[in-house]
$ cat structure.cif   # mmCIF, C-alpha atoms
data_coords
loop_
_atom_site.label_atom_id
_atom_site.label_comp_id
_atom_site.auth_asym_id
_atom_site.auth_seq_id
_atom_site.Cartn_x
_atom_site.Cartn_y
_atom_site.Cartn_z
CA MET W 30 19.61 -2.36 -16.74
CA PRO W 31 22.33 -1.20 -14.30
CA ASP W 32 25.61 -3.04 -13.88
CA MET W 33 25.60 -6.26 -11.89
CA PRO W 34 26.25 -5.49 -8.18
CA ALA W 35 29.40 -6.81 -6.56
CA GLY W 36 28.99 -10.14 -4.82
CA LEU W 37 26.21 -11.47 -7.04
CA SER W 38 26.54 -14.11 -9.71
CA ARG W 39 24.94 -13.49 -13.10
CA GLU W 40 22.20 -16.01 -12.28
CA GLN W 41 21.44 -14.34 -8.94
CA TRP W 42 21.36 -10.94 -10.63
CA MET W 43 19.00 -12.10 -13.39
CA TRP W 44 16.64 -13.89 -11.04
CA ARG W 45 16.57 -10.93 -8.69
CA TRP W 46 15.46 -8.69 -11.57
CA ARG W 47 12.73 -11.17 -12.46
CA VAL W 48 11.47 -11.26 -8.87
CA LEU W 49 11.55 -7.46 -8.54
CA ILE W 50 9.65 -6.99 -11.82
CA ALA W 51 7.13 -9.73 -11.01
CA THR W 52 6.37 -8.42 -7.53
CA TYR W 53 6.25 -4.82 -8.77
CA LEU W 54 3.67 -5.72 -11.39
CA ALA W 55 1.89 -7.98 -8.91
CA TYR W 56 0.98 -5.18 -6.54
CA ALA W 57 0.03 -2.91 -9.42
CA GLY W 58 -2.21 -5.79 -10.53
CA TYR W 59 -3.84 -5.92 -7.11
CA TYR W 60 -4.70 -2.24 -7.47
CA LEU W 61 -6.31 -2.92 -10.85
CA CYS W 62 -8.66 -5.28 -9.00
CA ARG W 63 -9.20 -2.88 -6.09
CA LYS W 64 -9.52 0.76 -7.05
CA VAL W 65 -11.92 0.88 -10.01
CA PHE W 66 -14.77 1.19 -7.53
CA THR W 67 -13.40 4.48 -6.18
CA ILE W 68 -13.48 6.29 -9.55
CA CYS W 69 -16.95 4.90 -10.30
CA LYS W 70 -18.65 6.06 -7.09
CA PRO W 71 -20.65 8.99 -8.53
CA VAL W 72 -21.79 6.94 -11.56
CA LEU W 73 -22.69 3.91 -9.43
CA SER W 74 -24.66 6.16 -7.09
CA GLU W 75 -26.68 7.51 -10.01
CA GLU W 76 -27.18 4.32 -12.03
CA LEU W 77 -27.78 1.91 -9.15
CA GLY W 78 -29.78 4.40 -7.08
CA VAL W 79 -27.64 4.19 -3.93
CA THR W 80 -26.69 7.07 -1.65
CA TYR W 81 -23.13 8.17 -0.92
CA ASN W 82 -23.63 6.85 2.59
CA GLN W 83 -24.39 3.39 1.12
CA ILE W 84 -21.39 3.73 -1.21
CA ALA W 85 -19.30 4.42 1.88
CA HIS W 86 -20.68 1.29 3.55
CA ILE W 87 -19.64 -0.86 0.57
CA TRP W 88 -16.08 0.39 0.67
CA ALA W 89 -16.00 0.23 4.48
CA VAL W 90 -16.87 -3.48 4.28
CA TYR W 91 -13.97 -3.97 1.90
CA LEU W 92 -11.58 -2.08 4.18
CA LEU W 93 -12.71 -3.98 7.27
CA ALA W 94 -12.21 -7.31 5.50
CA TYR W 95 -8.84 -6.08 4.24
CA MET W 96 -7.76 -5.25 7.79
CA VAL W 97 -8.69 -8.70 9.10
CA GLY W 98 -7.16 -10.35 6.04
CA GLN W 99 -3.79 -8.68 6.68
CA PHE W 100 -3.27 -10.74 9.82
CA LEU W 101 -4.55 -13.96 8.25
CA CYS W 102 -2.53 -13.58 5.05
CA SER W 103 0.70 -12.50 6.74
CA PHE W 104 0.57 -15.55 9.02
CA LEU W 105 -0.17 -17.87 6.09
CA GLY W 106 2.54 -16.21 4.01
CA ARG W 107 5.08 -16.70 6.82
CA ARG W 108 4.25 -20.43 6.83
CA LYS W 109 3.51 -21.17 3.16
CA GLY W 110 5.60 -18.60 1.29
CA SER W 111 4.88 -15.46 -0.69
CA ARG W 112 4.57 -17.08 -4.13
CA LEU W 113 1.53 -19.14 -3.20
CA LEU W 114 0.00 -16.18 -1.38
CA LEU W 115 0.26 -13.95 -4.46
CA LEU W 116 -0.96 -16.48 -7.03
CA VAL W 117 -4.00 -17.52 -5.01
CA GLY W 118 -4.86 -14.04 -3.70
CA LEU W 119 -4.65 -12.20 -7.01
CA GLY W 120 -6.29 -15.07 -8.90
CA ILE W 121 -9.38 -15.00 -6.69
CA SER W 122 -9.53 -11.19 -6.82
CA ILE W 123 -9.56 -11.32 -10.63
CA LEU W 124 -12.61 -13.60 -10.57
CA ILE W 125 -14.37 -11.35 -8.05
CA ASN W 126 -13.80 -8.28 -10.23
CA VAL W 127 -15.43 -9.99 -13.17
CA GLY W 128 -18.40 -10.30 -10.82
CA PHE W 129 -18.28 -6.57 -10.08
CA GLY W 130 -18.59 -5.83 -13.79
CA MET W 131 -21.83 -7.85 -13.91
CA ALA W 132 -23.28 -6.66 -10.58
CA ASN W 133 -26.49 -4.62 -10.49
CA SER W 134 -27.36 -3.93 -6.86
CA TYR W 135 -26.09 -2.56 -3.56
CA TRP W 136 -26.18 -5.98 -1.90
CA THR W 137 -24.25 -7.67 -4.70
CA PHE W 138 -21.46 -5.12 -4.44
CA LEU W 139 -21.47 -5.44 -0.66
CA ALA W 140 -21.07 -9.23 -0.75
CA PHE W 141 -18.33 -9.19 -3.40
CA MET W 142 -16.46 -6.43 -1.54
CA LEU W 143 -16.31 -8.55 1.60
CA PHE W 144 -14.51 -11.40 -0.18
CA ASN W 145 -12.37 -9.07 -2.28
CA GLY W 146 -11.07 -7.39 0.88
CA LEU W 147 -9.95 -10.70 2.35
CA VAL W 148 -8.00 -11.82 -0.73
CA GLN W 149 -6.64 -8.35 -1.53
CA ALA W 150 -4.95 -8.45 1.88
CA SER W 151 -2.53 -11.03 0.50
CA GLY W 152 -0.95 -8.42 -1.78
CA TRP W 153 1.34 -6.24 0.32
CA PRO W 154 2.70 -8.88 2.73
CA GLY W 155 3.08 -11.16 -0.29
CA VAL W 156 5.22 -8.76 -2.32
CA VAL W 157 7.29 -7.54 0.66
CA GLY W 158 7.99 -11.13 1.65
CA GLY W 159 8.64 -11.92 -2.00
CA VAL W 160 11.59 -9.51 -2.28
CA SER W 161 12.94 -9.59 1.29
CA GLU W 162 15.36 -12.47 0.69
CA TRP W 163 16.64 -11.03 -2.60
CA LEU W 164 17.91 -7.68 -1.20
CA ARG W 165 20.90 -6.96 1.02
CA LYS W 166 20.78 -4.46 3.88
CA HIS W 167 22.88 -1.70 2.31
CA GLU W 168 20.75 -1.60 -0.86
CA ARG W 169 17.31 -2.28 0.58
CA GLY W 170 16.18 1.32 1.11
CA LEU W 171 16.82 2.63 -2.40
CA ILE W 172 15.66 -0.49 -4.26
CA MET W 173 12.51 -0.82 -2.17
CA GLY W 174 11.89 2.91 -2.54
CA VAL W 175 11.80 2.54 -6.32
CA TRP W 176 9.98 -0.79 -6.09
CA SER W 177 7.36 0.62 -3.69
CA THR W 178 6.03 2.91 -6.41
CA SER W 179 4.14 -0.14 -7.68
CA TYR W 180 0.92 0.92 -6.03
CA LEU W 181 1.29 4.45 -7.36
CA ILE W 182 1.59 3.07 -10.87
CA GLY W 183 -1.33 0.73 -10.21
CA ASN W 184 -3.43 3.63 -8.96
CA LEU W 185 -2.49 5.84 -11.91
CA THR W 186 -3.29 3.03 -14.34
CA VAL W 187 -6.72 2.60 -12.79
CA LYS W 188 -7.42 6.32 -13.01
CA PHE W 189 -6.20 6.70 -16.58
CA LEU W 190 -7.35 3.38 -18.09
CA GLY W 191 -10.38 3.03 -15.83
CA GLY W 192 -11.26 6.70 -16.29
CA LEU W 193 -10.98 6.38 -20.10
CA LEU W 194 -13.21 3.31 -20.17
CA LEU W 195 -15.62 4.96 -17.73
CA ASP W 196 -15.93 8.00 -19.98
CA ARG W 197 -16.38 6.10 -23.23
CA TYR W 198 -18.04 2.79 -22.40
CA GLY W 199 -19.42 3.01 -18.87
CA TRP W 200 -18.50 1.66 -15.45
CA ARG W 201 -18.86 -2.05 -16.32
CA TRP W 202 -16.12 -1.86 -18.94
CA SER W 203 -13.97 0.07 -16.50
CA PHE W 204 -14.02 -3.04 -14.30
CA PHE W 205 -13.58 -5.49 -17.19
CA GLY W 206 -10.66 -3.65 -18.82
CA CYS W 207 -8.60 -3.29 -15.63
CA THR W 208 -9.29 -6.90 -14.65
CA LEU W 209 -8.08 -8.19 -18.01
CA LEU W 210 -4.77 -6.37 -17.58
CA SER W 211 -4.42 -7.84 -14.10
CA PHE W 212 -4.91 -11.35 -15.52
CA ALA W 213 -1.91 -10.81 -17.82
CA ILE W 214 0.15 -9.80 -14.76
CA TRP W 215 -0.84 -13.03 -12.97
CA TRP W 216 1.12 -14.99 -15.57
CA VAL W 217 4.23 -12.87 -14.99
CA ILE W 218 4.05 -13.81 -11.29
CA TYR W 219 3.65 -17.46 -12.19
CA PHE W 220 6.77 -17.60 -14.34
CA TRP W 221 9.08 -15.09 -12.62
CA GLN W 222 8.38 -14.93 -8.88
CA ARG W 223 10.28 -17.22 -6.45
CA ASN W 224 10.46 -16.88 -2.66
CA LYS W 225 14.25 -17.10 -2.29
CA PRO W 226 17.37 -17.85 -4.34
CA GLU W 227 17.55 -21.41 -3.00
CA ASP W 228 14.23 -22.17 -4.74
CA VAL W 229 16.01 -21.94 -8.11
CA GLY W 230 19.21 -23.65 -7.00
CA LEU W 231 21.19 -20.47 -6.22
CA GLU W 232 23.26 -19.44 -3.22
CA ARG W 233 21.66 -17.26 -0.59
CA ILE W 234 22.01 -13.50 -1.28
CA VAL W 235 21.49 -12.05 2.21
CA ALA W 236 24.44 -13.07 4.40
CA PRO W 237 23.65 -14.35 7.94
CA GLU W 238 25.91 -11.76 9.54
CA GLU W 239 23.64 -8.98 8.22
CA GLU W 240 20.86 -10.12 10.56
CA ASP W 241 22.50 -8.87 13.78
CA LEU W 242 21.38 -5.83 15.79
CA ARG W 243 17.72 -6.01 14.81
CA ALA W 244 15.35 -3.73 16.70
CA VAL W 245 13.02 -6.72 17.16
CA ARG W 246 14.17 -10.22 18.07
CA ALA W 247 11.99 -12.81 16.32
CA SER W 248 12.15 -16.42 15.16
CA ARG W 249 14.15 -17.02 11.98
CA GLU W 250 12.74 -20.49 11.38
CA ARG W 251 11.10 -21.15 8.03
CA ARG W 252 7.88 -22.24 9.69
CA VAL W 253 6.63 -20.41 12.75
CA THR W 254 3.94 -21.19 15.29
CA LEU W 255 0.95 -19.01 16.06
CA ARG W 256 2.62 -18.15 19.36
CA ASP W 257 5.70 -16.87 17.53
CA TYR W 258 3.50 -14.76 15.30
CA VAL W 259 1.52 -13.26 18.20
CA ARG W 260 4.74 -12.50 20.09
CA LEU W 261 5.95 -10.58 17.07
CA ALA W 262 2.63 -8.75 16.68
CA VAL W 263 2.60 -7.41 20.26
CA ASN W 264 6.20 -6.22 20.25
CA PRO W 265 6.18 -2.49 21.24
CA VAL W 266 8.19 -1.44 18.17
CA ILE W 267 5.83 -3.24 15.79
CA LEU W 268 2.79 -1.79 17.57
CA ALA W 269 4.28 1.71 17.35
CA MET W 270 4.88 1.29 13.63
CA GLY W 271 1.30 0.14 13.14
CA ILE W 272 -0.26 3.02 15.09
CA SER W 273 1.86 5.59 13.27
CA TYR W 274 1.02 4.03 9.93
CA PHE W 275 -2.67 4.23 10.90
CA CYS W 276 -2.50 8.03 10.50
CA VAL W 277 -0.74 7.78 7.14
CA LYS W 278 -3.21 5.26 5.75
CA PHE W 279 -6.18 7.26 6.98
CA VAL W 280 -4.99 10.26 4.95
CA ARG W 281 -3.85 8.32 1.88
CA TYR W 282 -6.98 6.20 1.61
CA ALA W 283 -9.24 9.17 2.24
CA LEU W 284 -7.73 10.91 -0.77
CA ASP W 285 -7.55 7.76 -2.87
CA SER W 286 -11.19 7.04 -2.15
CA TRP W 287 -12.80 10.48 -2.10
CA LEU W 288 -10.68 12.95 -4.09
CA PRO W 289 -12.38 12.12 -7.43
CA THR W 290 -15.74 12.55 -5.69
CA PHE W 291 -14.67 15.84 -4.09
CA LEU W 292 -13.62 17.22 -7.48
CA THR W 293 -16.88 16.00 -9.06
CA LEU W 294 -18.85 17.80 -6.35
CA MET W 295 -16.82 20.92 -7.24
CA GLU W 296 -18.47 20.77 -10.70
CA LEU W 297 -15.92 18.78 -12.72
CA ASN W 298 -17.34 15.86 -14.72
CA PRO W 299 -16.41 12.34 -13.44
CA GLY W 300 -13.81 11.78 -16.17
CA GLN W 301 -12.08 15.12 -15.48
CA ALA W 302 -12.19 14.44 -11.75
CA ALA W 303 -10.47 11.08 -12.25
CA TYR W 304 -7.74 12.70 -14.36
CA TYR W 305 -7.08 15.65 -12.03
CA SER W 306 -7.04 13.37 -8.98
CA THR W 307 -3.93 11.70 -10.44
CA LEU W 308 -1.92 14.76 -9.29
CA PHE W 309 -2.05 13.27 -5.80
CA ASP W 310 -0.49 10.02 -7.06
CA ILE W 311 1.98 11.66 -9.45
CA GLY W 312 3.15 13.83 -6.57
CA GLY W 313 4.12 10.68 -4.66
CA ILE W 314 6.34 8.91 -7.21
CA ILE W 315 9.54 10.93 -6.72
CA PRO W 316 9.44 11.07 -2.88
CA ALA W 317 8.84 7.32 -2.68
CA VAL W 318 12.20 6.87 -4.44
CA LEU W 319 13.89 9.74 -2.59
CA ALA W 320 12.75 8.37 0.76
CA GLY W 321 14.40 5.02 0.03
CA TRP W 322 17.61 6.71 -1.07
CA ALA W 323 17.60 9.01 1.97
CA LEU W 324 16.98 6.07 4.32
CA ASP W 325 20.18 4.40 3.06
CA LYS W 326 22.45 7.40 2.48
CA LEU W 327 21.37 10.27 4.74
CA PHE W 328 19.44 8.79 7.65
CA LYS W 329 21.48 5.57 7.94
CA GLY W 330 18.39 3.44 8.56
CA ASP W 331 16.67 5.90 10.93
CA TRP W 332 13.23 5.51 9.41
CA ALA W 333 11.44 7.28 12.28
CA LYS W 334 13.41 10.50 11.81
CA LEU W 335 12.82 10.42 8.05
CA CYS W 336 9.07 9.94 8.54
CA LEU W 337 8.91 12.81 11.04
CA LEU W 338 10.44 15.18 8.50
CA MET W 339 7.89 14.22 5.86
CA ALA W 340 5.03 14.53 8.36
CA VAL W 341 5.82 18.25 8.60
CA GLY W 342 5.46 18.48 4.81
CA MET W 343 2.05 16.74 4.99
CA ILE W 344 0.88 19.40 7.45
CA LEU W 345 1.97 22.19 5.08
CA GLY W 346 0.14 20.55 2.16
CA TYR W 347 -3.15 20.39 4.08
CA LEU W 348 -2.82 24.02 5.14
CA LEU W 349 -2.65 24.95 1.45
CA VAL W 350 -5.71 22.80 0.70
CA LEU W 351 -7.69 24.67 3.36
CA LEU W 352 -6.47 28.01 1.99
CA TYR W 353 -7.54 27.31 -1.62
CA GLU W 354 -10.41 24.84 -1.12
CA THR W 355 -12.90 26.71 -3.34
CA SER W 356 -10.87 26.07 -6.52
CA PRO W 357 -10.86 22.47 -7.85
CA ILE W 358 -7.56 22.93 -9.75
CA ALA W 359 -5.83 24.54 -6.76
CA VAL W 360 -7.13 21.78 -4.50
CA ALA W 361 -5.83 19.11 -6.87
CA ILE W 362 -2.39 20.78 -6.98
CA SER W 363 -2.30 21.20 -3.18
CA PHE W 364 -3.12 17.54 -2.72
CA GLY W 365 -0.24 16.84 -5.08
CA LEU W 366 2.00 18.31 -2.36
CA VAL W 367 0.30 16.13 0.25
CA GLY W 368 0.98 13.15 -1.99
CA PHE W 369 4.61 14.24 -2.35
CA MET W 370 4.99 13.97 1.43
CA VAL W 371 2.64 11.14 2.39
CA TYR W 372 4.05 8.51 0.06
CA GLY W 373 7.53 8.66 1.61
CA PRO W 374 6.51 7.33 5.05
CA ASP W 375 3.87 5.19 3.40
CA THR W 376 6.50 3.22 1.49
CA VAL W 377 9.13 3.20 4.25
CA LEU W 378 6.98 2.16 7.22
CA CYS W 379 5.55 -0.90 5.52
CA GLY W 380 8.46 -1.60 3.17
CA ALA W 381 12.13 -1.29 4.05
CA ALA W 382 11.42 -0.64 7.75
CA ALA W 383 9.21 -3.75 7.95
CA VAL W 384 12.08 -5.92 6.69
CA GLN W 385 14.75 -4.06 8.68
CA VAL W 386 13.26 -4.33 12.16
CA ALA W 387 12.97 -8.14 12.40
CA GLY W 388 14.91 -9.62 9.47
CA GLU W 389 14.03 -10.73 5.96
CA GLU W 390 12.44 -14.03 7.06
CA ASN W 391 9.87 -12.03 9.03
CA GLY W 392 9.30 -9.39 6.37
CA VAL W 393 6.01 -10.91 5.20
CA ALA W 394 4.75 -11.12 8.81
CA VAL W 395 5.81 -7.63 9.92
CA ALA W 396 4.45 -6.03 6.75
CA GLY W 397 1.10 -7.71 7.34
CA ILE W 398 0.95 -6.87 11.04
CA VAL W 399 1.86 -3.19 10.56
CA ASN W 400 -0.49 -2.91 7.59
CA GLY W 401 -3.22 -4.74 9.51
CA ILE W 402 -3.10 -2.34 12.46
CA ALA W 403 -2.95 0.64 10.12
CA SER W 404 -5.81 -0.63 7.98
CA ALA W 405 -8.28 0.40 10.66
CA GLY W 406 -7.58 3.95 9.41
CA PRO W 407 -9.10 3.39 5.97
CA VAL W 408 -12.15 1.77 7.58
CA PHE W 409 -12.78 4.79 9.81
CA GLN W 410 -12.10 7.35 7.08
CA GLU W 411 -14.61 5.81 4.70
CA VAL W 412 -17.44 5.83 7.23
CA ILE W 413 -16.56 9.23 8.71
CA ILE W 414 -16.17 11.04 5.38
CA GLY W 415 -19.32 9.40 4.02
CA TYR W 416 -21.12 10.70 7.11
CA LEU W 417 -19.65 14.20 6.69
CA LEU W 418 -20.92 14.35 3.09
CA ARG W 419 -24.48 13.40 4.00
CA GLY W 420 -25.58 17.07 4.07
CA ASP W 421 -24.00 20.14 2.55
CA ALA W 422 -21.15 19.01 0.27
CA ALA W 423 -18.96 22.12 0.73
CA SER W 424 -19.20 21.98 4.52
CA GLY W 425 -18.56 18.23 4.47
CA MET W 426 -15.42 18.58 2.35
CA HIS W 427 -14.12 21.38 4.60
CA ASN W 428 -14.57 19.26 7.70
CA ALA W 429 -12.92 16.30 5.95
CA ASN W 430 -9.90 18.48 5.17
CA LEU W 431 -9.69 19.64 8.80
CA LEU W 432 -9.77 16.00 9.84
CA GLY W 433 -6.92 15.22 7.45
CA LEU W 434 -4.84 18.02 8.93
CA GLY W 435 -5.48 16.68 12.42
CA LEU W 436 -4.28 13.22 11.41
CA CYS W 437 -1.09 14.69 9.95
CA LEU W 438 -0.43 16.49 13.24
CA ALA W 439 -1.06 13.27 15.16
CA PHE W 440 1.31 11.35 12.87
CA SER W 441 4.11 13.85 13.50
CA LEU W 442 3.68 13.47 17.26
CA PHE W 443 3.63 9.67 17.03
CA MET W 444 6.80 9.60 14.95
CA LEU W 445 8.56 11.95 17.36
CA SER W 446 7.73 9.63 20.26
CA VAL W 447 8.80 6.54 18.28
CA MET W 448 12.09 8.15 17.29
CA LEU W 449 12.89 9.02 20.92
CA ALA W 450 11.89 5.53 22.12
CA LEU W 451 14.13 3.82 19.54
CA ARG W 452 17.08 5.98 20.47
CA THR W 453 16.58 5.19 24.16
CA SER W 454 16.45 1.47 23.34
CA GLN W 455 19.64 1.70 21.26
CA ARG W 456 21.51 3.44 24.09
CA LYS W 457 20.46 0.69 26.50
CA ASP W 458 21.68 -2.00 24.07
CA GLN W 459 25.06 -0.26 23.78
CA LEU W 460 25.46 -0.15 27.57
CA GLU W 461 24.68 -3.86 28.01
#

$ encode --input "structure.cif" --output "structure tokens"
Amino acid sequence: MPDMPAGLSREQWMWRWRVLIATYLAYAGYYLCRKVFTICKPVLSEELGVTYNQIAHIWAVYLLAYMVGQFLCSFLGRRKGSRLLLLVGLGISILINVGFGMANSYWTFLAFMLFNGLVQASGWPGVVGGVSEWLRKHERGLIMGVWSTSYLIGNLTVKFLGGLLLDRYGWRWSFFGCTLLSFAIWWVIYFWQRNKPEDVGLERIVAPEEEDLRAVRASRERRVTLRDYVRLAVNPVILAMGISYFCVKFVRYALDSWLPTFLTLMELNPGQAAYYSTLFDIGGIIPAVLAGWALDKLFKGDWAKLCLLMAVGMILGYLLVLLYETSPIAVAISFGLVGFMVYGPDTVLCGAAAVQVAGEENGVAVAGIVNGIASAGPVFQEVIIGYLLRGDAASGMHNANLLGLGLCLAFSLFMLSVMLALRTSQRKDQLE
């Protein structure tokens, strides 16, 4: 462990490490109860006799429920606290995933996916809110950059562990094995996660004077009304973050959901496709950390400018995919570059930026609102790509890649407009 930061007591330092570890594992645990379905799509289609279009409908139901759940869970988390949100949400998702392992029909999966989407929505606002009052402004970007790799590790664990179990024992054990690991993580949350230092008798870590000059003015009360929450949700800055993040989530979820299938359709076996698809996730680990460091040290909190730079890299990655799209290995490597660029804004927009714009008390709410707006992207991508693959697979994948490129271009334009709008707002504040 690194040296204890200045200004923290030993007890504050130790508890902060516990909270960071617990919330890091928590979100990885959510992924263990979420993403097994994506690596099992080809096998489920064959063994259960469902089409890829029906597979797309199952995941679209999950994503739609997840989108709605973001708003519900972020409001509940703002009122009840992140600890309760995480324990209840992950606990229910674990039970649902046991059900997935015993399911045997399209309609069973559809029903379970609806409920899993609602409770899975407690994950991201829960963990962001769970760390927001343990991190000071000057260290938030780097620490949350490292910490935000939790879903990358969760995704990689699903693809490696789930892929291994899928290859050797079948899709049911892929669900059971990942769910069992998630149950172990639930106990870490129970013992180590606390909402704020005061909950364990410690002094507050984030000083009140650090809450000035927020881009968004919002209530700092411990319990907020529905009106307070709606006022926060319709703030132009929050809406802009959500719309921009829509493009990022469309691309990331499209590749999370369909890259193993794309590689399988390019004549790799399902196990190989799961392994090679990890290049997309591995490509995102380093930039997630670098983005947090750059936000603190180079961009001085200018998250919009940082995201614009990485949007250009996303465009380059998709151009390479289109250039080499007949080779499965080249496609996997090219999507590794996309992952290298997409995970930076993905972690910043709904991580450090979500806490920065309205204060740590509102971190759980802003994270849920931004993620909720953006979560319409994964819903659309699942239905659209499933529709594109209904005929010729090669043509469908090509059109899906063109769509991804278009979303990257749109994201860059959105971030340029957001960056200019924030600078205009800052100049007005300085003149007042």

$ resolve_selection --input "structure.cif" --expression "the PyMOL selection byres ((chain W and resi 35-40) around 12)" --output "list of chain:residue names"
W:Pro31, W:Asp32, W:Met33, W:Pro34, W:Gln41, W:Trp42, W:Met43, W:Trp44, W:Arg45, W:Trp46, W:Arg47, W:Trp163, W:Leu164, W:Arg165, W:Glu168, W:Pro226, W:Glu227, W:Val229, W:Gly230, W:Leu231, W:Glu232, W:Arg233, W:Ile234, W:Val235, W:Ala236

$ residues_around --input "structure.cif" --residues "region 276-278 of chain W" --least-positions-apart "5" --cutoff "9 Å" --atoms "all atoms listed in the file" --output "PyMOL selection string"
chain W and resi 283+340+371-372+374-375+400+403-407+433+436-437+439-440

$ resolve_selection --input "structure.cif" --expression "the PyMOL selection byres ((chain W and resi 171) around 9)" --output "JSON, numbers by chain"
{"W": [167, 168, 169, 170, 172, 173, 174, 175, 176, 318, 319, 320, 321, 322, 323, 324, 325, 326, 381]}

$ residues_near_point --input "structure.cif" --point "(-18.7, 4.1, -16.4)" --cutoff "10 Å" --atoms "all atoms listed in the file" --output "PyMOL selection string"
chain W and resi 65+68-73+76+191-204+299-300

$ write_last_selection --input "structure.cif" --atoms "C-alpha atoms" --output "PDB file, keeping the file's coordinate frame"
ATOM      1  CA  VAL W  65     -11.920   0.880 -10.010  1.00  0.00           C
ATOM      2  CA  ILE W  68     -13.480   6.290  -9.550  1.00  0.00           C
ATOM      3  CA  CYS W  69     -16.950   4.900 -10.300  1.00  0.00           C
ATOM      4  CA  LYS W  70     -18.650   6.060  -7.090  1.00  0.00           C
ATOM      5  CA  PRO W  71     -20.650   8.990  -8.530  1.00  0.00           C
ATOM      6  CA  VAL W  72     -21.790   6.940 -11.560  1.00  0.00           C
ATOM      7  CA  LEU W  73     -22.690   3.910  -9.430  1.00  0.00           C
ATOM      8  CA  GLU W  76     -27.180   4.320 -12.030  1.00  0.00           C
ATOM      9  CA  GLY W 191     -10.380   3.030 -15.830  1.00  0.00           C
ATOM     10  CA  GLY W 192     -11.260   6.700 -16.290  1.00  0.00           C
ATOM     11  CA  LEU W 193     -10.980   6.380 -20.100  1.00  0.00           C
ATOM     12  CA  LEU W 194     -13.210   3.310 -20.170  1.00  0.00           C
ATOM     13  CA  LEU W 195     -15.620   4.960 -17.730  1.00  0.00           C
ATOM     14  CA  ASP W 196     -15.930   8.000 -19.980  1.00  0.00           C
ATOM     15  CA  ARG W 197     -16.380   6.100 -23.230  1.00  0.00           C
ATOM     16  CA  TYR W 198     -18.040   2.790 -22.400  1.00  0.00           C
ATOM     17  CA  GLY W 199     -19.420   3.010 -18.870  1.00  0.00           C
ATOM     18  CA  TRP W 200     -18.500   1.660 -15.450  1.00  0.00           C
ATOM     19  CA  ARG W 201     -18.860  -2.050 -16.320  1.00  0.00           C
ATOM     20  CA  TRP W 202     -16.120  -1.860 -18.940  1.00  0.00           C
ATOM     21  CA  SER W 203     -13.970   0.070 -16.500  1.00  0.00           C
ATOM     22  CA  PHE W 204     -14.020  -3.040 -14.300  1.00  0.00           C
ATOM     23  CA  PRO W 299     -16.410  12.340 -13.440  1.00  0.00           C
ATOM     24  CA  GLY W 300     -13.810  11.780 -16.170  1.00  0.00           C
TER      25      GLY W 300
END

$ atom_distance --input "structure.cif" --atom1 "CA of Thr307 (chain W)" --atom2 "CA of Ala57 (chain W)"
15.2 Å

$ atom_distance --input "structure.cif" --atom1 "CA of Tyr304 (chain W)" --atom2 "CA of Tyr282 (chain W)"
17.3 Å

$ closest_residue --input "structure.cif" --among "W:Val384, W:Leu335, W:Leu284, W:Leu431" --to "Gly365 (chain W)" --atoms "all atoms listed in the file"
W:Leu284

$ atom_distance --input "structure.cif" --atom1 "CA of Asp228 (chain W)" --atom2 "CA of Gly155 (chain W)"
16.3 Å

$ resolve_selection --input "structure.cif" --expression "the PyMOL selection byres ((chain W and resi 136) around 12)" --output "PyMOL selection string"
chain W and resi 77+79+83-84+86-87+90+129+132-135+137-143

$ closest_residue --input "structure.cif" --among "W:Gly346, W:Gly368, W:Gly420, W:Gly98" --to "Ile311 (chain W)" --atoms "only C-alpha atoms"
W:Gly368

$ closest_residue --input "structure.cif" --among "W:Trp221, W:Tyr258, W:Tyr180, W:Phe328" --to "Leu105 (chain W)" --atoms "only C-alpha atoms"
W:Tyr258

$ residues_around --input "structure.cif" --residues "Ile218 (chain W)" --least-positions-apart "3" --cutoff "7 Å" --atoms "only C-alpha atoms" --output "ChimeraX atom specification"
/W:51-52,55,214-215,221-222

$ closest_residue --input "structure.cif" --among "W:Ala303, W:Ile414, W:Ile125, W:Leu449" --to "Trp88 (chain W)" --atoms "all atoms listed in the file"
W:Ile414

$ build_atoms --input "structure.cif" --residues "region 381-385 of chain W" --atoms "N, CA, C and O atoms" --output "PDB file, keeping the file's coordinate frame"
ATOM      1  N   ALA W 381      10.781  -1.049   3.550  1.00  0.00           N
ATOM      2  CA  ALA W 381      12.130  -1.290   4.050  1.00  0.00           C
ATOM      3  C   ALA W 381      12.177  -1.413   5.563  1.00  0.00           C
ATOM      4  O   ALA W 381      12.892  -2.270   6.112  1.00  0.00           O
ATOM      5  N   ALA W 382      11.422  -0.573   6.285  1.00  0.00           N
ATOM      6  CA  ALA W 382      11.420  -0.640   7.750  1.00  0.00           C
ATOM      7  C   ALA W 382      10.838  -1.964   8.247  1.00  0.00           C
ATOM      8  O   ALA W 382      11.296  -2.523   9.244  1.00  0.00           O
ATOM      9  N   ALA W 383       9.830  -2.484   7.547  1.00  0.00           N
ATOM     10  CA  ALA W 383       9.210  -3.750   7.950  1.00  0.00           C
ATOM     11  C   ALA W 383      10.184  -4.918   7.838  1.00  0.00           C
ATOM     12  O   ALA W 383      10.144  -5.855   8.636  1.00  0.00           O
ATOM     13  N   VAL W 384      11.064  -4.874   6.846  1.00  0.00           N
ATOM     14  CA  VAL W 384      12.080  -5.920   6.690  1.00  0.00           C
ATOM     15  C   VAL W 384      13.228  -5.686   7.665  1.00  0.00           C
ATOM     16  O   VAL W 384      13.773  -6.613   8.256  1.00  0.00           O
ATOM     17  N   GLN W 385      13.586  -4.420   7.864  1.00  0.00           N
ATOM     18  CA  GLN W 385      14.750  -4.060   8.680  1.00  0.00           C
ATOM     19  C   GLN W 385      14.575  -4.445  10.147  1.00  0.00           C
ATOM     20  O   GLN W 385      15.518  -4.939  10.777  1.00  0.00           O
TER      21      GLN W 385
END
